[in-house]
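Enquirer: This is entry.pdb (PDB, C-alpha atoms, pLDDT in the B column).
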ATOM      1  CA  MET A 213    -106.049-224.120 100.310  1.00 83.00           C
ATOM      2  CA  ALA A 214    -107.289-220.674 101.208  1.00 90.00           C
ATOM      3  CA  TYR A 215    -105.538-217.395 101.897  1.00 94.00           C
ATOM      4  CA  THR A 216    -106.023-214.877 104.674  1.00 93.00           C
ATOM      5  CA  VAL A 217    -104.676-211.343 104.985  1.00 96.00           C
ATOM      6  CA  THR A 218    -103.274-209.876 108.182  1.00 95.00           C
ATOM      7  CA  TRP A 219    -102.189-206.358 108.983  1.00 96.00           C
ATOM      8  CA  ARG A 220     -99.970-204.825 111.625  1.00 96.00           C
ATOM      9  CA  VAL A 221     -98.931-201.329 112.573  1.00 96.00           C
ATOM     10  CA  VAL A 222     -95.166-201.130 113.036  1.00 95.00           C
ATOM     11  CA  GLY A 223     -93.333-198.385 114.892  1.00 94.00           C
ATOM     12  CA  PRO A 224     -89.924-196.911 114.076  1.00 91.00           C
ATOM     13  CA  ASP A 225     -88.252-199.460 116.352  1.00 92.00           C
ATOM     14  CA  GLU A 226     -89.805-202.324 114.310  1.00 91.00           C
ATOM     15  CA  ARG A 227     -92.113-203.243 117.185  1.00 95.00           C
ATOM     16  CA  THR A 228     -95.678-204.184 116.372  1.00 96.00           C
ATOM     17  CA  VAL A 229     -98.067-201.662 117.905  1.00 95.00           C
ATOM     18  CA  GLU A 230    -101.290-203.350 116.788  1.00 96.00           C
ATOM     19  CA  SER A 231    -102.227-206.284 114.563  1.00 95.00           C
ATOM     20  CA  ASP A 232    -105.215-208.277 113.379  1.00 94.00           C
ATOM     21  CA  ALA A 233    -106.535-210.365 110.505  1.00 93.00           C
ATOM     22  CA  PHE A 234    -109.206-209.320 108.042  1.00 94.00           C
ATOM     23  CA  PRO A 235    -112.309-211.526 108.265  1.00 90.00           C
ATOM     24  CA  ASP A 236    -112.219-212.272 104.515  1.00 87.00           C
ATOM     25  CA  SER A 237    -110.643-215.396 103.045  1.00 88.00           C
ATOM     26  CA  PHE A 238    -109.656-215.944  99.441  1.00 93.00           C
ATOM     27  CA  GLY A 239    -109.582-219.021  97.249  1.00 90.00           C
ATOM     28  CA  ARG A 240    -106.660-217.761  95.182  1.00 93.00           C
ATOM     29  CA  HIS A 241    -103.440-215.964  96.104  1.00 94.00           C
ATOM     30  CA  GLU A 242    -104.094-213.366  93.389  1.00 95.00           C
ATOM     31  CA  GLU A 243    -107.390-212.433  95.066  1.00 96.00           C
ATOM     32  CA  ALA A 244    -105.588-211.829  98.364  1.00 96.00           C
ATOM     33  CA  VAL A 245    -103.006-209.631  96.606  1.00 95.00           C
ATOM     34  CA  ALA A 246    -105.787-207.641  94.907  1.00 97.00           C
ATOM     35  CA  PHE A 247    -107.442-207.157  98.312  1.00 96.00           C
ATOM     36  CA  ILE A 248    -104.172-205.791  99.759  1.00 96.00           C
ATOM     37  CA  LEU A 249    -103.635-203.489  96.788  1.00 96.00           C
ATOM     38  CA  ASP A 250    -107.134-202.108  97.293  1.00 96.00           C
ATOM     39  CA  LYS A 251    -106.349-201.407 100.974  1.00 96.00           C
ATOM     40  CA  LEU A 252    -103.023-199.809 100.031  1.00 96.00           C
ATOM     41  CA  SER A 253    -104.769-197.380  97.675  1.00 95.00           C
ATOM     42  CA  ALA A 254    -105.768-195.373 100.779  1.00 94.00           C
ATOM     43  CA  PHE A 255    -102.093-194.646 101.562  1.00 95.00           C
ATOM     44  CA  PRO A 256    -100.197-191.865  99.761  1.00 94.00           C
ATOM     45  CA  SER A 257     -96.877-193.642 100.362  1.00 94.00           C
ATOM     46  CA  LEU A 258     -96.745-197.397  99.718  1.00 93.00           C
ATOM     47  CA  GLY A 259     -94.606-200.213  98.451  1.00 93.00           C
ATOM     48  CA  TYR A 260     -93.412-203.780  98.688  1.00 94.00           C
ATOM     49  CA  GLU A 261     -90.102-205.131  99.899  1.00 91.00           C
ATOM     50  CA  LYS A 262     -89.024-208.697 100.487  1.00 89.00           C
ATOM     51  CA  GLY A 263     -88.944-209.359 104.213  1.00 85.00           C
ATOM     52  CA  ARG A 264     -91.119-206.354 104.930  1.00 86.00           C
ATOM     53  CA  GLY A 265     -94.018-207.235 102.679  1.00 91.00           C
ATOM     54  CA  PHE A 266     -96.608-204.775 101.447  1.00 95.00           C
ATOM     55  CA  TRP A 267     -96.550-201.516 103.412  1.00 95.00           C
ATOM     56  CA  GLY A 268     -98.299-198.166 103.508  1.00 96.00           C
ATOM     57  CA  ARG A 269     -97.659-194.876 105.291  1.00 95.00           C
ATOM     58  CA  THR A 270     -99.912-191.864 105.708  1.00 91.00           C
ATOM     59  CA  ALA A 271     -96.986-189.657 104.578  1.00 90.00           C
ATOM     60  CA  PRO A 272     -93.507-190.409 103.176  1.00 87.00           C
ATOM     61  CA  ASP A 273     -91.804-188.927 106.242  1.00 87.00           C
ATOM     62  CA  ARG A 274     -93.873-190.927 108.741  1.00 88.00           C
ATOM     63  CA  ARG A 275     -91.965-193.535 110.689  1.00 89.00           C
ATOM     64  CA  ILE A 276     -95.028-195.621 111.523  1.00 93.00           C
ATOM     65  CA  GLU A 277     -96.378-197.894 108.806  1.00 95.00           C
ATOM     66  CA  THR A 278     -99.064-200.473 108.240  1.00 96.00           C
ATOM     67  CA  ARG A 279     -97.838-203.791 106.834  1.00 96.00           C
ATOM     68  CA  PHE A 280     -99.946-206.435 105.136  1.00 97.00           C
ATOM     69  CA  SER A 281     -99.164-210.110 104.683  1.00 95.00           C
ATOM     70  CA  ILE A 282    -100.805-213.169 103.169  1.00 95.00           C
ATOM     71  CA  ALA A 283    -100.979-216.527 104.908  1.00 92.00           C
ATOM     72  CA  GLU A 284    -101.864-219.802 103.254  1.00 91.00           C
ATOM     73  CA  VAL A 285    -104.186-221.887 105.424  1.00 87.00           C
ATOM     74  CA  PRO A 286    -106.028-225.170 104.898  1.00 80.00           C
ATOM     75  CA  ALA A 287    -109.584-224.573 103.704  1.00 69.00           C
ATOM     76  CA  TYR A 288    -110.908-226.379 106.787  1.00 67.00           C
ATOM     77  CA  SER A 289    -108.875-224.218 109.189  1.00 64.00           C
ATOM     78  CA  ASP A 290    -110.549-222.141 111.917  1.00 65.00           C
ATOM     79  CA  ALA A 291    -108.759-219.163 110.335  1.00 58.00           C
ATOM     80  CA  VAL A 292    -111.098-219.401 107.342  1.00 57.00           C
ATOM     81  CA  PRO A 293    -114.415-217.673 108.094  1.00 55.00           C
ATOM     82  CA  ARG A 294    -117.570-219.695 107.565  1.00 51.00           C
ATOM     83  CA  THR A 295    -120.664-218.035 106.145  1.00 48.00           C
TER      84      THR A 295
END
Is it possible to express this structure as structure tokens?

Expert:
Amino acid sequence: MAYTVTWRVVGPDERTVESDAFPDSFGRHEEAVAFILDKLSAFPSLGYEKGRGFWGRTAPDRRIETRFSIAEVPAYSDAVPRT
């Protein structure tokens, strides 16, 4: 198995404004989590909640946030980049 990380920008009405997947893939879940935590370090307001996942905001009072999630995919999947 491999893991991929996706992100999406969510508005105050819970609608996705923009989304995409990072081109990286990870052999272990822990590596994907570390990748997300590194991305979250750019946000002054961040956290994790079940159902919402990892999230970051540019300011605590902002109503738009970026959410990150991890997907498990078969290693032979087209979702796993080939080098």

Enquirer: Kindly give the distance, in Å, that separates atom CA of A:Ser281 and atom CA of A:Lys262, rounded to a single decimal.

Expert: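 Separation of atom CA of A:Ser281 and atom CA of A:Lys262: 11.1 Å.
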
Enquirer: Of the candidates A:Ile276, A:Val285, A:His241, A:Leu249, which one gets nearest to A:Met213 if we count only C-alpha atoms?

Expert: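 Among the listed residues, A:Val285 lies closest to A:Met213.
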
Enquirer: Any idea what the distance is between atom CA of A:Phe234 and atom CA of A:Gly265?

Expert: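 Answer for the atom CA of A:Phe234 to atom CA of A:Gly265 separation: 16.2 Å.
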
Enquirer: Which polymer residues have any atom within 10 Å of an atom of A:Phe255, counting only C-alpha atoms, with same-chain residues fewer than 3 positions away left out, as number ranges by chain?

Expert: A: 250-252, 258-259, 267-272, 277-278

Enquirer: Could you tell me which residues the PyMOL selection byres ((chain A and resi 214) around 7) returns for this structure, as a ChimeraX atom specification?

Expert: /A:213,215-216,237-240,284-287

Enquirer: So, counting all atoms listed in the file, which residue among A:Arg264, A:Val217, A:Ser231, A:Ser257 is closest to A:Val245?

Expert: A:Val217

Enquirer: Distance atom CA of A:Glu242-atom CA of A:Ile282, one decimal place?

Expert: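 Pair atom CA of A:Glu242 / atom CA of A:Ile282 returns 10.3 Å.
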
Enquirer: For A:Ala283, which residue out of A:Phe266, A:Ala244, A:Glu230, A:Arg220 is the nearest one, using all atoms listed in the file?

Expert: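 Looking at the shortest contact to A:Ala283, the residue is A:Ala244.
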
Enquirer: Once 3 Å is added on each side, what centre and edge lengths in Å to one decimal does the axis-aligned box around all listed atoms of stretch 223-240 of chain A have, as JSON?

Expert:
{"center_x": -100.3, "center_y": -208.0, "center_z": 106.5, "size_x": 30.1, "size_y": 28.1, "size_z": 28.7}

Enquirer: Env of A:Ala233: 7 Å cut, atoms = all atoms listed in the file, seq-sep filter 2 positions within chain, self excluded. Answer as a list in words.

Expert: Val217, Thr218, Trp219 and Pro235 of chain A

Enquirer: Let me make sure I understand: among A:Arg275, A:Pro256, A:Phe280, A:Ala246, which one has the smallest atom-to-atom distance to A:Gly223 if we use only C-alpha atoms?

Expert: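 Checking each candidate against A:Gly223, we get A:Arg275 as the closest.
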